[in-house]
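Participant: Got a structure for you, written out below as structure tokens; questions coming shortly.
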Amino acid sequence: QVQLVESGGGLVQPGGSLTLSCTASGFTFSDFVMSWARQAPGKSLEWVSTITDDGLRTTILPSLKGRFTISRDNARNMVYLHINNLEPEDTAVYYCLKGAGKMSQLPRGQGTQVTVSS
């Protein structure tokens with residue numbers, strides 16, 4: 001079965017950086033588009049970024065451009081979210097999802113908590 005395991009979250013000061021990782025199993029990883037989404041306290045799930053199966057094309061929420069970057073390593077079945085210049089508003093649980101489209105209907109992991117605070 002599909003399994004997605006996120007890691008790399010934590011408590012970070014404003015202006016800091018993090019790289020979130022997601023390890024995928026149970027499907028042919030290199031055949032699928034992958035996405036990241038996040039859910040801030042009291043808010044709905046928000047799409048963050050998507051990367052094509054070959055890793056050659058990415059899309060990102062416009063308000064996050066310049067700070068967030070998605071990448072993948074098909075040899076390792078992993079997808080990453082690199083975040084720079086973290087802001088308190090980035091505090092959320094970050095999820096890795098198999099596929100793209102309606103986030104709430106996609107398989108996802110348990111999430112990794114990112115807290116940005118001084």
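All residue names refer to the structure tokens as shown: chains lettered A, B, ... in order, residues numbered from 1 in each chain, ligands numbered from 1 in order.
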Got a sec: who's within 6 Å of A:Val79, counting only C-alpha atoms, leaving out chain neighbours fewer than 6 positions off, as a PyMOL selection string?
Facilitator: chain A and resi 21-22+71-72
Participant: Using only C-alpha atoms, which residues sit within 10 Å of A:Asp73 once same-chain residues fewer than 4 positions away are excluded, as an NGL selection string?
Facilitator: :A and (23 or 29-30 or 54-55 or 77-80)
Participant: Kindly export the residues of the current selection with N, CA and C atoms, as a tab-separated table (two decimals), in the first residue's frame.
Facilitator:
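Resulting contents of result-v1.tsv:
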chain	number	residue	atom	x	y	z
A	23	THR	N	9.73	10.15	2.31
A	23	THR	CA	10.12	8.86	1.75
A	23	THR	C	8.86	8.11	1.33
A	29	PHE	N	7.35	5.11	-7.64
A	29	PHE	CA	7.50	6.53	-7.32
A	29	PHE	C	7.76	7.37	-8.57
A	30	SER	N	8.62	6.89	-9.44
A	30	SER	CA	9.03	7.68	-10.60
A	30	SER	C	7.91	7.85	-11.64
A	54	ASP	N	9.24	13.31	-13.59
A	54	ASP	CA	10.65	13.34	-13.97
A	54	ASP	C	11.44	14.44	-13.27
A	55	GLY	N	10.76	15.22	-12.48
A	55	GLY	CA	11.43	16.28	-11.73
A	55	GLY	C	11.78	17.51	-12.54
A	77	ASN	N	13.44	7.36	-4.06
A	77	ASN	CA	12.00	7.46	-3.76
A	77	ASN	C	11.73	8.56	-2.73
A	78	MET	N	12.35	9.70	-2.95
A	78	MET	CA	12.19	10.79	-2.00
A	78	MET	C	11.83	12.09	-2.70
A	79	VAL	N	11.05	12.88	-2.01
A	79	VAL	CA	10.72	14.23	-2.46
A	79	VAL	C	11.02	15.17	-1.30
A	80	TYR	N	11.47	16.37	-1.65
A	80	TYR	CA	11.94	17.32	-0.66
A	80	TYR	C	11.22	18.66	-0.82
Participant: Out of A:Gln105, A:Thr91, A:Ser35, A:Thr28, which residue has the shortest atom-to-atom distance to A:Ala75 when counting only C-alpha atoms?
Facilitator: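 Comparing A:Gln105, A:Thr91, A:Ser35, A:Thr28 against A:Ala75, the winner is A:Thr28.
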Participant: Which residues are near A:Glu89? Cut-off 12 Å, only C-alpha atoms, ignore same chain within fewer than 3 positions. Put them as a ChimeraX atom specification.
Facilitator: /A:13-15,38-41,43,63-64,85-86,92-93,114-117
Participant: Which polymer residues have any atom within 8 Å of an atom of A:Ser49, counting only C-alpha atoms, with same-chain residues fewer than 4 positions away left out, as a PyMOL selection string?
Facilitator: chain A and resi 35-37+58-61+69-70
Participant: Which residues, written as a PyMOL selection string, have at least one atom at most 9 Å from A:Leu18, with only C-alpha atoms counted and residues fewer than 6 positions away on the same chain left out?
Facilitator: chain A and resi 8-10+12+81-84+86+114
Participant: Report as a VMD selection string: the residues of chain A with a DSSP assignment of helix (DSSP H, G or I), based on the backbone of this structure.
Facilitator: chain A and resid 29 to 31 62 to 64 88 to 90 103 to 105
Participant: Please produce a file of those selected residues containing all heavy atoms, as an mmCIF file, in the first residue's frame.
Facilitator:
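The resulting file, part04.cif, is reproduced below:
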data_model
loop_
_atom_site.group_PDB
_atom_site.id
_atom_site.type_symbol
_atom_site.label_atom_id
_atom_site.label_comp_id
_atom_site.auth_asym_id
_atom_site.auth_seq_id
_atom_site.Cartn_x
_atom_site.Cartn_y
_atom_site.Cartn_z
ATOM 1 N N PHE A 29 7.345 5.112 -7.635
ATOM 2 C CA PHE A 29 7.496 6.531 -7.324
ATOM 3 C C PHE A 29 7.759 7.366 -8.574
ATOM 4 O O PHE A 29 7.167 8.434 -8.754
ATOM 5 C CB PHE A 29 8.634 6.692 -6.319
ATOM 6 C CG PHE A 29 8.901 8.095 -5.892
ATOM 7 C CD1 PHE A 29 8.055 8.749 -5.008
ATOM 8 C CD2 PHE A 29 10.024 8.772 -6.355
ATOM 9 C CE1 PHE A 29 8.307 10.045 -4.592
ATOM 10 C CE2 PHE A 29 10.293 10.075 -5.949
ATOM 11 C CZ PHE A 29 9.431 10.709 -5.067
ATOM 12 N N SER A 30 8.617 6.890 -9.442
ATOM 13 C CA SER A 30 9.034 7.678 -10.605
ATOM 14 C C SER A 30 7.914 7.852 -11.636
ATOM 15 O O SER A 30 8.083 8.604 -12.589
ATOM 16 C CB SER A 30 10.256 7.041 -11.265
ATOM 17 O OG SER A 30 9.971 5.712 -11.641
ATOM 18 N N ASP A 31 6.783 7.186 -11.446
ATOM 19 C CA ASP A 31 5.659 7.327 -12.359
ATOM 20 C C ASP A 31 4.682 8.423 -11.938
ATOM 21 O O ASP A 31 3.730 8.717 -12.681
ATOM 22 C CB ASP A 31 4.869 6.016 -12.454
ATOM 23 C CG ASP A 31 5.581 4.958 -13.275
ATOM 24 O OD1 ASP A 31 6.584 5.295 -13.945
ATOM 25 O OD2 ASP A 31 5.137 3.796 -13.242
ATOM 26 N N PRO A 62 2.182 30.984 -5.604
ATOM 27 C CA PRO A 62 2.891 32.225 -5.953
ATOM 28 C C PRO A 62 3.419 33.007 -4.752
ATOM 29 O O PRO A 62 4.528 33.561 -4.821
ATOM 30 C CB PRO A 62 1.824 33.013 -6.723
ATOM 31 C CG PRO A 62 0.986 31.951 -7.349
ATOM 32 C CD PRO A 62 0.917 30.850 -6.325
ATOM 33 N N SER A 63 2.685 33.027 -3.661
ATOM 34 C CA SER A 63 3.120 33.805 -2.494
ATOM 35 C C SER A 63 4.354 33.217 -1.832
ATOM 36 O O SER A 63 4.983 33.872 -0.999
ATOM 37 C CB SER A 63 1.978 33.898 -1.487
ATOM 38 O OG SER A 63 1.606 32.610 -1.027
ATOM 39 N N LEU A 64 4.718 31.982 -2.200
ATOM 40 C CA LEU A 64 5.870 31.313 -1.596
ATOM 41 C C LEU A 64 7.095 31.288 -2.503
ATOM 42 O O LEU A 64 8.165 30.824 -2.097
ATOM 43 C CB LEU A 64 5.497 29.880 -1.208
ATOM 44 C CG LEU A 64 4.312 29.732 -0.262
ATOM 45 C CD1 LEU A 64 4.050 28.247 0.017
ATOM 46 C CD2 LEU A 64 4.534 30.494 1.036
ATOM 47 N N PRO A 88 6.909 33.346 10.657
ATOM 48 C CA PRO A 88 5.947 32.753 11.598
ATOM 49 C C PRO A 88 4.696 32.211 10.897
ATOM 50 O O PRO A 88 4.116 31.213 11.354
ATOM 51 C CB PRO A 88 5.617 33.918 12.535
ATOM 52 C CG PRO A 88 6.852 34.750 12.518
ATOM 53 C CD PRO A 88 7.374 34.661 11.105
ATOM 54 N N GLU A 89 4.317 32.839 9.802
ATOM 55 C CA GLU A 89 3.138 32.406 9.055
ATOM 56 C C GLU A 89 3.337 31.052 8.364
ATOM 57 O O GLU A 89 2.389 30.452 7.859
ATOM 58 C CB GLU A 89 2.756 33.442 7.996
ATOM 59 C CG GLU A 89 2.274 34.784 8.565
ATOM 60 C CD GLU A 89 3.387 35.623 9.176
ATOM 61 O OE1 GLU A 89 4.570 35.436 8.801
ATOM 62 O OE2 GLU A 89 3.080 36.465 10.051
ATOM 63 N N ASP A 90 4.571 30.580 8.335
ATOM 64 C CA ASP A 90 4.842 29.256 7.753
ATOM 65 C C ASP A 90 4.595 28.136 8.757
ATOM 66 O O ASP A 90 4.686 26.954 8.398
ATOM 67 C CB ASP A 90 6.296 29.174 7.281
ATOM 68 C CG ASP A 90 6.604 30.145 6.155
ATOM 69 O OD1 ASP A 90 5.735 30.319 5.276
ATOM 70 O OD2 ASP A 90 7.699 30.726 6.168
ATOM 71 N N MET A 103 -6.289 18.262 -2.946
ATOM 72 C CA MET A 103 -5.370 17.785 -1.905
ATOM 73 C C MET A 103 -6.042 16.854 -0.910
ATOM 74 O O MET A 103 -5.467 15.857 -0.463
ATOM 75 C CB MET A 103 -4.739 18.966 -1.176
ATOM 76 C CG MET A 103 -3.884 19.869 -2.041
ATOM 77 S SD MET A 103 -2.297 19.127 -2.485
ATOM 78 C CE MET A 103 -2.544 18.807 -4.215
ATOM 79 N N SER A 104 -7.282 17.190 -0.555
ATOM 80 C CA SER A 104 -7.950 16.422 0.490
ATOM 81 C C SER A 104 -8.233 14.986 0.078
ATOM 82 O O SER A 104 -8.522 14.133 0.921
ATOM 83 C CB SER A 104 -9.256 17.114 0.882
ATOM 84 O OG SER A 104 -10.122 17.184 -0.231
ATOM 85 N N GLN A 105 -8.171 14.698 -1.210
ATOM 86 C CA GLN A 105 -8.491 13.361 -1.700
ATOM 87 C C GLN A 105 -7.254 12.545 -2.054
ATOM 88 O O GLN A 105 -7.373 11.400 -2.476
ATOM 89 C CB GLN A 105 -9.418 13.469 -2.919
ATOM 90 C CG GLN A 105 -10.757 14.093 -2.595
ATOM 91 C CD GLN A 105 -11.689 14.156 -3.796
ATOM 92 O OE1 GLN A 105 -11.284 13.874 -4.922
ATOM 93 N NE2 GLN A 105 -12.927 14.545 -3.552
#
Participant: Based on the backbone DSSP call, show me all residues of chain A assigned strand (DSSP E or B), as a PyMOL selection string.
Facilitator: chain A and resi 3-7+10-12+18-25+34-39+46-51+58-60+68-73+78-83+92-98+108+112-116
Participant: Quick one: everything within 7 Å of A:Gly111, counting only C-alpha atoms, minus sequence neighbours fewer than 6 positions away in the same chain. Send it as a list of chain:residue names.
Facilitator: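 Neighbouring residues, sequence-local ones excluded: A:Glu6, A:Val93, A:Tyr94, A:Tyr95.
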Participant: Hey, can you spit out that residue selection with C-alpha atoms as an mmCIF file, in the first residue's frame?
Facilitator:
data_model
loop_
_atom_site.group_PDB
_atom_site.id
_atom_site.type_symbol
_atom_site.label_atom_id
_atom_site.label_comp_id
_atom_site.auth_asym_id
_atom_site.auth_seq_id
_atom_site.Cartn_x
_atom_site.Cartn_y
_atom_site.Cartn_z
ATOM 1 C CA GLU A 6 7.630 13.003 6.192
ATOM 2 C CA VAL A 93 1.931 20.690 9.583
ATOM 3 C CA TYR A 94 3.489 19.903 6.225
ATOM 4 C CA TYR A 95 2.264 16.906 4.238
#
Participant: Give me, please, the distance in Å between atom CA of A:Arg67 and atom CA of A:Ser17, quoted to one decimal.
Facilitator: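 Those two atoms sit 9.2 Å apart.
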Participant: Set the distance at 10 Å and use only C-alpha atoms: which residues neighbour A:Ala24 once local chain neighbours fewer than 5 positions away are removed? I'd like the list as a PDB file with N, CA and C atoms, in the first residue's frame.
Facilitator:
ATOM      1  N   VAL A   2       0.282   2.338  -0.408  1.00  0.00           N
ATOM      2  CA  VAL A   2       1.015   3.591  -0.451  1.00  0.00           C
ATOM      3  C   VAL A   2       1.413   4.002   0.962  1.00  0.00           C
ATOM      4  N   GLN A   3       2.694   4.342   1.113  1.00  0.00           N
ATOM      5  CA  GLN A   3       3.170   4.864   2.382  1.00  0.00           C
ATOM      6  C   GLN A   3       4.041   6.078   2.114  1.00  0.00           C
ATOM      7  N   LEU A   4       3.755   7.154   2.821  1.00  0.00           N
ATOM      8  CA  LEU A   4       4.507   8.395   2.710  1.00  0.00           C
ATOM      9  C   LEU A   4       4.904   8.816   4.113  1.00  0.00           C
ATOM     10  N   VAL A   5       6.194   9.038   4.318  1.00  0.00           N
ATOM     11  CA  VAL A   5       6.692   9.379   5.655  1.00  0.00           C
ATOM     12  C   VAL A   5       7.491  10.670   5.558  1.00  0.00           C
ATOM     13  N   GLU A   6       6.965  11.707   6.179  1.00  0.00           N
ATOM     14  CA  GLU A   6       7.630  13.003   6.192  1.00  0.00           C
ATOM     15  C   GLU A   6       8.559  13.123   7.392  1.00  0.00           C
ATOM     16  N   PHE A  29       7.345   5.112  -7.635  1.00  0.00           N
ATOM     17  CA  PHE A  29       7.496   6.531  -7.324  1.00  0.00           C
ATOM     18  C   PHE A  29       7.759   7.366  -8.574  1.00  0.00           C
ATOM     19  N   MET A  34       4.284  14.416  -7.538  1.00  0.00           N
ATOM     20  CA  MET A  34       4.232  14.496  -6.085  1.00  0.00           C
ATOM     21  C   MET A  34       4.006  15.947  -5.660  1.00  0.00           C
ATOM     22  N   ASN A  74      14.428  10.310  -7.615  1.00  0.00           N
ATOM     23  CA  ASN A  74      13.700   9.093  -7.970  1.00  0.00           C
ATOM     24  C   ASN A  74      14.481   7.826  -7.626  1.00  0.00           C
ATOM     25  N   ARG A  76      16.014   7.359  -4.920  1.00  0.00           N
ATOM     26  CA  ARG A  76      15.806   7.133  -3.486  1.00  0.00           C
ATOM     27  C   ARG A  76      14.341   7.139  -3.092  1.00  0.00           C
ATOM     28  N   ASN A  77      13.444   7.356  -4.057  1.00  0.00           N
ATOM     29  CA  ASN A  77      12.004   7.460  -3.758  1.00  0.00           C
ATOM     30  C   ASN A  77      11.733   8.561  -2.732  1.00  0.00           C
ATOM     31  N   MET A  78      12.348   9.698  -2.946  1.00  0.00           N
ATOM     32  CA  MET A  78      12.185  10.790  -1.996  1.00  0.00           C
ATOM     33  C   MET A  78      11.829  12.095  -2.698  1.00  0.00           C
ATOM     34  N   VAL A  79      11.054  12.880  -2.009  1.00  0.00           N
ATOM     35  CA  VAL A  79      10.720  14.227  -2.460  1.00  0.00           C
ATOM     36  C   VAL A  79      11.024  15.172  -1.303  1.00  0.00           C
ATOM     37  N   CYS A  96       3.265  15.458   2.636  1.00  0.00           N
ATOM     38  CA  CYS A  96       3.676  14.974   1.324  1.00  0.00           C
ATOM     39  C   CYS A  96       2.487  14.212   0.731  1.00  0.00           C
ATOM     40  N   LEU A  97       2.181  14.447  -0.535  1.00  0.00           N
ATOM     41  CA  LEU A  97       1.017  13.823  -1.164  1.00  0.00           C
ATOM     42  C   LEU A  97       1.394  13.171  -2.480  1.00  0.00           C
ATOM     43  N   LYS A  98       0.777  12.056  -2.754  1.00  0.00           N
ATOM     44  CA  LYS A  98       0.968  11.344  -4.022  1.00  0.00           C
ATOM     45  C   LYS A  98      -0.023  11.910  -5.028  1.00  0.00           C
ATOM     46  N   ARG A 108      -1.658  10.792   1.627  1.00  0.00           N
ATOM     47  CA  ARG A 108      -0.648  11.647   2.227  1.00  0.00           C
ATOM     48  C   ARG A 108      -0.086  10.977   3.460  1.00  0.00           C
ATOM     49  N   GLY A 109       1.048  11.503   3.923  1.00  0.00           N
ATOM     50  CA  GLY A 109       1.669  10.976   5.121  1.00  0.00           C
ATOM     51  C   GLY A 109       1.049  11.555   6.371  1.00  0.00           C
TER      52      GLY A 109
END
Participant: Taking into account only C-alpha atoms, which residue in the set A:Ser7, A:Gln1, A:Thr19, A:Thr50 is nearest to A:Gly101?
Facilitator: A:Thr50
Participant: Which value, in Å to one decimal, gives the distance between atom CA of A:Phe27 and atom CA of A:Ser44?
Facilitator: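 A separation of 27.4 Å between them.
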Participant: Using only C-alpha atoms, which residue out of A:Leu11, A:Leu56, A:Leu106, A:Ile51 lies closest to A:Val33?
Facilitator: A:Ile51
Participant: What separation in Å, quoted to one decimal, exists between atom CA of A:Phe32 and atom CA of A:Thr52?
Facilitator: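 Separating atom CA of A:Phe32 from atom CA of A:Thr52 is a distance of 7.1 Å.
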